[in-house]
file entry17.cif (mmCIF, C-alpha atoms)
data_input
loop_
_atom_site.group_PDB
_atom_site.id
_atom_site.type_symbol
_atom_site.label_atom_id
_atom_site.label_comp_id
_atom_site.auth_asym_id
_atom_site.auth_seq_id
_atom_site.Cartn_x
_atom_site.Cartn_y
_atom_site.Cartn_z
ATOM 1 C CA MET K 1 -128.559 114.342 184.669
ATOM 2 C CA ASN K 2 -129.558 110.816 185.639
ATOM 3 C CA ARG K 3 -128.700 107.880 183.412
ATOM 4 C CA VAL K 4 -130.291 104.506 184.056
ATOM 5 C CA GLU K 5 -127.988 101.580 183.370
ATOM 6 C CA ASP K 6 -128.753 97.898 182.976
ATOM 7 C CA MET K 7 -126.980 95.190 184.950
ATOM 8 C CA THR K 8 -124.193 95.237 182.369
ATOM 9 C CA GLY K 9 -123.475 98.879 183.195
ATOM 10 C CA SER K 10 -124.466 99.953 179.696
ATOM 11 C CA GLN K 11 -126.629 103.004 179.175
ATOM 12 C CA ARG K 12 -130.051 102.409 177.655
ATOM 13 C CA ALA K 13 -131.095 103.314 174.135
ATOM 14 C CA VAL K 14 -134.269 102.771 172.148
ATOM 15 C CA VAL K 15 -133.520 101.593 168.603
ATOM 16 C CA LEU K 16 -136.170 101.786 165.887
ATOM 17 C CA VAL K 17 -135.936 98.609 163.812
ATOM 18 C CA SER K 18 -137.952 97.718 160.736
ATOM 19 C CA GLY K 19 -136.219 94.498 159.739
ATOM 20 C CA GLY K 20 -134.593 96.283 156.825
ATOM 21 C CA LEU K 21 -130.958 96.715 155.876
ATOM 22 C CA ASP K 22 -130.482 100.169 157.400
ATOM 23 C CA SER K 23 -132.085 99.554 160.779
ATOM 24 C CA ALA K 24 -130.231 96.246 161.190
ATOM 25 C CA THR K 25 -126.974 98.143 160.708
ATOM 26 C CA VAL K 26 -128.051 100.860 163.138
ATOM 27 C CA LEU K 27 -128.822 98.260 165.805
ATOM 28 C CA ALA K 28 -125.379 96.713 165.278
ATOM 29 C CA ILE K 29 -123.746 100.146 165.566
ATOM 30 C CA ALA K 30 -125.611 100.941 168.790
ATOM 31 C CA ARG K 31 -124.556 97.608 170.280
ATOM 32 C CA GLN K 32 -120.954 98.150 169.150
ATOM 33 C CA GLN K 33 -120.957 101.559 170.861
ATOM 34 C CA GLY K 34 -121.903 99.891 174.129
ATOM 35 C CA TRP K 35 -125.549 100.857 174.403
ATOM 36 C CA SER K 36 -128.021 98.501 176.044
ATOM 37 C CA CYS K 37 -130.545 98.329 173.222
ATOM 38 C CA TYR K 38 -134.330 98.231 173.472
ATOM 39 C CA ALA K 39 -135.685 97.599 169.986
ATOM 40 C CA LEU K 40 -138.988 99.010 168.790
ATOM 41 C CA SER K 41 -140.783 97.952 165.606
ATOM 42 C CA LEU K 42 -143.943 99.563 164.254
ATOM 43 C CA ASP K 43 -146.643 97.522 162.557
ATOM 44 C CA TYR K 44 -148.395 100.384 160.798
ATOM 45 C CA GLY K 45 -150.209 98.402 158.137
ATOM 46 C CA GLN K 46 -147.317 98.420 155.677
ATOM 47 C CA ARG K 47 -147.417 96.105 152.685
ATOM 48 C CA HIS K 48 -143.883 94.894 153.354
ATOM 49 C CA ARG K 49 -144.778 93.265 156.675
ATOM 50 C CA ALA K 50 -142.165 90.552 156.143
ATOM 51 C CA GLU K 51 -139.668 93.085 157.503
ATOM 52 C CA LEU K 52 -141.180 92.642 160.936
ATOM 53 C CA ASP K 53 -140.116 88.994 161.026
ATOM 54 C CA ALA K 54 -136.404 89.862 160.923
ATOM 55 C CA ALA K 55 -134.382 88.702 163.906
ATOM 56 C CA VAL K 56 -133.454 91.337 166.494
ATOM 57 C CA ARG K 57 -130.696 91.094 169.077
ATOM 58 C CA ALA K 58 -131.689 93.411 171.897
ATOM 59 C CA VAL K 59 -132.435 93.471 175.614
ATOM 60 C CA GLU K 60 -136.100 93.746 174.696
ATOM 61 C CA HIS K 61 -137.966 93.912 171.395
ATOM 62 C CA ARG K 62 -141.461 95.334 171.200
ATOM 63 C CA THR K 63 -143.758 95.633 168.208
ATOM 64 C CA MET K 64 -146.398 98.347 168.494
ATOM 65 C CA ARG K 65 -149.392 98.652 166.213
ATOM 66 C CA LEU K 66 -150.283 101.931 164.554
ATOM 67 C CA ASP K 67 -152.934 102.106 161.835
ATOM 68 C CA LEU K 68 -151.488 104.489 159.274
ATOM 69 C CA GLY K 69 -153.760 102.884 156.719
ATOM 70 C CA GLY K 70 -156.480 104.967 158.338
ATOM 71 C CA ILE K 71 -154.658 108.067 157.115
ATOM 72 C CA GLY K 72 -153.940 106.682 153.662
ATOM 73 C CA GLY K 73 -152.136 108.665 151.011
ATOM 74 C CA SER K 74 -149.280 106.208 150.513
ATOM 75 C CA ALA K 75 -148.669 103.217 148.271
ATOM 76 C CA LEU K 76 -147.210 101.451 151.302
ATOM 77 C CA THR K 77 -150.447 101.543 153.306
ATOM 78 C CA ASP K 78 -153.154 101.717 150.629
ATOM 79 C CA ALA K 79 -153.527 98.659 148.402
ATOM 80 C CA SER K 80 -155.424 100.727 145.826
ATOM 81 C CA ILE K 81 -152.260 102.737 145.092
ATOM 82 C CA ALA K 82 -149.662 100.908 143.019
ATOM 83 C CA VAL K 83 -146.053 100.806 144.184
ATOM 84 C CA PRO K 84 -143.993 102.557 141.470
ATOM 85 C CA GLU K 85 -141.466 100.369 139.691
ATOM 86 C CA SER K 86 -139.557 103.182 138.000
ATOM 87 C CA PRO K 87 -137.716 106.227 139.406
ATOM 88 C CA GLN K 88 -140.044 109.031 140.534
ATOM 89 C CA VAL K 89 -139.648 112.809 140.325
ATOM 90 C CA GLY K 90 -139.996 114.606 143.654
ATOM 91 C CA ILE K 91 -141.311 112.945 146.801
ATOM 92 C CA PRO K 92 -142.684 109.552 145.687
ATOM 93 C CA ILE K 93 -146.077 108.064 146.475
ATOM 94 C CA THR K 94 -144.329 105.552 148.764
ATOM 95 C CA TYR K 95 -143.845 108.383 151.267
ATOM 96 C CA VAL K 96 -145.996 107.625 154.331
ATOM 97 C CA PRO K 97 -147.375 110.882 155.814
ATOM 98 C CA ALA K 98 -145.757 111.697 159.181
ATOM 99 C CA ARG K 99 -144.395 108.149 159.591
ATOM 100 C CA ASN K 100 -141.031 109.024 161.101
ATOM 101 C CA THR K 101 -142.595 111.719 163.276
ATOM 102 C CA LEU K 102 -145.022 109.185 164.743
ATOM 103 C CA MET K 103 -142.384 106.467 165.067
ATOM 104 C CA LEU K 104 -139.995 108.783 166.878
ATOM 105 C CA ALA K 105 -142.789 109.993 169.140
ATOM 106 C CA LEU K 106 -143.535 106.421 170.247
ATOM 107 C CA ALA K 107 -139.819 105.732 170.679
ATOM 108 C CA LEU K 108 -139.545 108.905 172.754
ATOM 109 C CA GLY K 109 -142.377 107.813 175.023
ATOM 110 C CA TRP K 110 -140.741 104.449 175.664
ATOM 111 C CA ALA K 111 -137.349 106.112 176.120
ATOM 112 C CA GLU K 112 -138.779 108.374 178.808
ATOM 113 C CA VAL K 113 -140.247 105.378 180.660
ATOM 114 C CA LEU K 114 -136.916 103.521 180.376
ATOM 115 C CA GLN K 115 -134.963 106.690 181.199
ATOM 116 C CA ALA K 116 -133.006 106.085 178.011
ATOM 117 C CA SER K 117 -131.124 109.103 176.721
ATOM 118 C CA ARG K 118 -130.701 107.915 173.108
ATOM 119 C CA ILE K 119 -133.038 107.016 170.293
ATOM 120 C CA PHE K 120 -131.404 105.421 167.248
ATOM 121 C CA ILE K 121 -133.044 105.599 163.834
ATOM 122 C CA GLY K 122 -131.720 104.513 160.434
ATOM 123 C CA VAL K 123 -132.642 107.566 158.369
ATOM 124 C CA ASN K 124 -130.414 108.407 155.431
ATOM 125 C CA ALA K 125 -130.223 111.583 153.359
ATOM 126 C CA VAL K 126 -127.829 110.367 150.633
ATOM 127 C CA ASP K 127 -129.041 107.167 148.922
ATOM 128 C CA TYR K 128 -132.722 107.469 149.759
ATOM 129 C CA SER K 129 -136.098 108.120 148.132
ATOM 130 C CA GLY K 130 -136.292 111.822 148.959
ATOM 131 C CA TYR K 131 -138.569 111.562 151.981
ATOM 132 C CA PRO K 132 -138.649 114.866 153.950
ATOM 133 C CA ASP K 133 -138.549 113.109 157.334
ATOM 134 C CA CYS K 134 -135.120 111.607 156.623
ATOM 135 C CA ARG K 135 -133.254 114.921 156.603
ATOM 136 C CA PRO K 136 -130.981 116.370 159.319
ATOM 137 C CA ALA K 137 -133.271 119.404 159.732
ATOM 138 C CA PHE K 138 -136.152 117.135 160.723
ATOM 139 C CA ILE K 139 -134.052 115.225 163.267
ATOM 140 C CA GLU K 140 -132.792 118.455 164.825
ATOM 141 C CA ALA K 141 -136.351 119.771 165.088
ATOM 142 C CA PHE K 142 -137.562 116.565 166.723
ATOM 143 C CA GLU K 143 -134.807 116.763 169.341
ATOM 144 C CA ARG K 144 -136.104 120.218 170.293
ATOM 145 C CA VAL K 145 -139.630 118.821 170.533
ATOM 146 C CA ALA K 146 -138.374 115.986 172.760
ATOM 147 C CA LEU K 147 -136.987 118.459 175.279
ATOM 148 C CA LEU K 148 -140.142 120.582 175.282
ATOM 149 C CA ALA K 149 -142.769 117.825 175.243
ATOM 150 C CA THR K 150 -141.553 115.434 177.955
ATOM 151 C CA LYS K 151 -141.485 115.589 181.738
ATOM 152 C CA ALA K 152 -137.863 114.426 181.715
ATOM 153 C CA GLY K 153 -136.905 117.138 179.238
ATOM 154 C CA VAL K 154 -138.680 119.957 181.061
ATOM 155 C CA GLU K 155 -137.320 118.898 184.445
ATOM 156 C CA GLY K 156 -133.839 118.404 183.001
ATOM 157 C CA THR K 157 -133.424 114.797 184.122
ATOM 158 C CA LEU K 158 -132.729 113.560 180.587
ATOM 159 C CA ALA K 159 -131.288 115.217 177.495
ATOM 160 C CA PHE K 160 -132.770 113.163 174.680
ATOM 161 C CA LYS K 161 -130.648 112.758 171.579
ATOM 162 C CA VAL K 162 -131.668 111.153 168.293
ATOM 163 C CA ALA K 163 -128.712 109.230 166.884
ATOM 164 C CA THR K 164 -128.574 108.948 163.097
ATOM 165 C CA PRO K 165 -125.297 107.137 162.329
ATOM 166 C CA LEU K 166 -126.260 106.479 158.693
ATOM 167 C CA ILE K 167 -127.593 109.877 157.725
ATOM 168 C CA ASP K 168 -124.659 110.952 155.548
ATOM 169 C CA LEU K 169 -123.527 107.532 154.279
ATOM 170 C CA THR K 170 -124.100 106.006 150.872
ATOM 171 C CA LYS K 171 -125.901 102.673 150.721
ATOM 172 C CA ALA K 172 -122.611 100.999 149.826
ATOM 173 C CA GLN K 173 -120.942 102.508 152.899
ATOM 174 C CA ILE K 174 -123.826 101.341 155.079
ATOM 175 C CA ILE K 175 -123.469 97.800 153.764
ATOM 176 C CA ARG K 176 -119.712 97.779 154.323
ATOM 177 C CA ARG K 177 -120.243 99.007 157.895
ATOM 178 C CA GLY K 178 -122.824 96.314 158.494
ATOM 179 C CA VAL K 179 -120.498 93.623 157.159
ATOM 180 C CA GLU K 180 -117.754 94.868 159.499
ATOM 181 C CA LEU K 181 -120.168 94.469 162.422
ATOM 182 C CA GLY K 182 -121.333 91.013 161.400
ATOM 183 C CA VAL K 183 -124.832 91.912 160.208
ATOM 184 C CA ASP K 184 -126.486 89.032 158.350
ATOM 185 C CA PHE K 185 -128.157 90.941 155.526
ATOM 186 C CA ALA K 186 -129.824 87.747 154.322
ATOM 187 C CA MET K 187 -132.120 88.154 157.343
ATOM 188 C CA THR K 188 -133.205 91.649 156.288
ATOM 189 C CA VAL K 189 -136.045 92.683 153.982
ATOM 190 C CA SER K 190 -136.144 96.052 152.219
ATOM 191 C CA CYS K 191 -138.668 95.576 149.398
ATOM 192 C CA TYR K 192 -141.818 97.723 149.433
ATOM 193 C CA GLN K 193 -143.885 94.792 148.191
ATOM 194 C CA ALA K 194 -142.113 91.730 149.523
ATOM 195 C CA ASP K 195 -144.137 88.527 149.605
ATOM 196 C CA ALA K 196 -145.009 86.559 152.738
ATOM 197 C CA GLN K 197 -141.688 84.698 152.515
ATOM 198 C CA GLY K 198 -139.721 87.949 152.486
ATOM 199 C CA ARG K 199 -138.770 87.665 148.820
ATOM 200 C CA ALA K 200 -138.263 90.963 146.985
ATOM 201 C CA CYS K 201 -139.803 92.261 143.774
ATOM 202 C CA GLY K 202 -136.513 93.641 142.457
ATOM 203 C CA GLN K 203 -138.319 96.569 140.816
ATOM 204 C CA CYS K 204 -139.319 99.117 143.469
ATOM 205 C CA ASP K 205 -137.163 102.047 144.569
ATOM 206 C CA SER K 206 -136.084 100.309 147.765
ATOM 207 C CA CYS K 207 -134.977 97.225 145.824
ATOM 208 C CA ARG K 208 -133.028 99.409 143.385
ATOM 209 C CA LEU K 209 -131.209 101.241 146.186
ATOM 210 C CA ARG K 210 -130.414 97.969 147.940
ATOM 211 C CA ARG K 211 -129.154 96.233 144.786
ATOM 212 C CA ASP K 212 -127.009 99.226 143.780
ATOM 213 C CA GLY K 213 -125.631 99.381 147.321
ATOM 214 C CA PHE K 214 -124.420 95.792 147.288
ATOM 215 C CA GLN K 215 -122.884 96.303 143.853
ATOM 216 C CA GLY K 216 -121.139 99.484 145.013
ATOM 217 C CA ALA K 217 -119.874 97.802 148.169
ATOM 218 C CA GLY K 218 -118.530 94.813 146.235
ATOM 219 C CA VAL K 219 -120.479 92.516 148.542
ATOM 220 C CA PRO K 220 -122.563 89.536 147.304
ATOM 221 C CA ASP K 221 -126.256 90.404 147.421
ATOM 222 C CA PRO K 222 -128.134 87.813 149.556
ATOM 223 C CA THR K 223 -131.564 89.173 148.585
ATOM 224 C CA ARG K 224 -134.128 86.571 147.513
ATOM 225 C CA TYR K 225 -136.452 87.623 144.686
ATOM 226 C CA PHE K 226 -139.852 86.334 143.620
ATOM 227 C CA ARG K 227 -139.430 87.644 140.079
#

call {"tool": "encode", "arguments": {"input": "entry17.cif", "output": "structure tokens"}}
result
Amino acid sequence: MNRVEDMTGSQRAVVLVSGGLDSATVLAIARQQGWSCYALSLDYGQRHRAELDAAVRAVEHRTMRLDLGGIGGSALTDASIAVPESPQVGIPITYVPARNTLMLALALGWAEVLQASRIFIGVNAVDYSGYPDCRPAFIEAFERVALLATKAGVEGTLAFKVATPLIDLTKAQIIRRGVELGVDFAMTVSCYQADAQGRACGQCDSCRLRRDGFQGAGVPDPTRYFR
């Protein structure tokens, strides 16, 4: 099967980046593995838009707009729904319907144009909020879709793989890996309701997971808070 390489000789990969802790680490891992990285961010109407301002080191960085607010049903896209500030039972209201499916679909489209065989995404099924589209079963299913739904897959010119290097790591392990790779976590934003300056609330589920991760890793937490 054909593999398109950049001038460096590195194979191409599309990396989904949000500006958060996990995706910053995934981008660093992809670069460390020798992939020529094309970063893709999605502006889907999320409250925590400060994430999109995080610095990205990639061959190319694109931000695509997708109005998931038109679907609604999530505290992250609907201002009338409060972001919970205490642990939730079951799948929380911060779950955005079909978000990772749509994000991966856009990444897949760009990957086919670039003839990139890998898509990196920072999903995690250990220290996470219980979202169904962060599980290994979902990733495996999407890989099957990628082969059936693309010209490159049907013709056999590319075997798309979705790389999930963080999927079975704790948040502390992710942070330690990022530190090893030189990730500046002060440049990342994880909070579901961060302010325009990227300062965190310190109360939402994402803030809790991030804070506990730094404590577990024994690494100073560079997060700036507005409370």

call {"tool": "residues_around", "arguments": {"input": "entry17.cif", "residues": "Cys204 in chain K", "least_positions_apart": "5", "cutoff": "8 Å", "atoms": "all atoms listed in the file", "output": "VMD selection string"}}
result
chain K and resid 83 to 86 191 to 193

call {"tool": "write_last_selection", "arguments": {"input": "entry17.cif", "atoms": "C-alpha atoms", "output": "CSV table (one decimal), in the frame of the given file"}}
result
chain,number,residue,atom,x,y,z
K,83,VAL,CA,-146.1,100.8,144.2
K,84,PRO,CA,-144.0,102.6,141.5
K,85,GLU,CA,-141.5,100.4,139.7
K,86,SER,CA,-139.6,103.2,138.0
K,191,CYS,CA,-138.7,95.6,149.4
K,192,TYR,CA,-141.8,97.7,149.4
K,193,GLN,CA,-143.9,94.8,148.2

call {"tool": "atom_distance", "arguments": {"input": "entry17.cif", "atom1": "CA of Arg177 in chain K", "atom2": "CA of Ile29 in chain K"}}
result
8.5 Å

call {"tool": "closest_residue", "arguments": {"input": "entry17.cif", "among": "K:Ser18, K:Gln33, K:Gln203, K:Ser23", "to": "Gly178 in chain K", "atoms": "all atoms listed in the file"}}
result
K:Ser23

call {"tool": "resolve_selection", "arguments": {"input": "entry17.cif", "expression": "the PyMOL selection byres ((chain K and resi 63) around 9)", "output": "ChimeraX atom specification"}}
result
/K:39-43,52,61-62,64-65

call {"tool": "atom_distance", "arguments": {"input": "entry17.cif", "atom1": "CA of Leu147 in chain K", "atom2": "CA of Asp133 in chain K"}}
result
18.8 Å
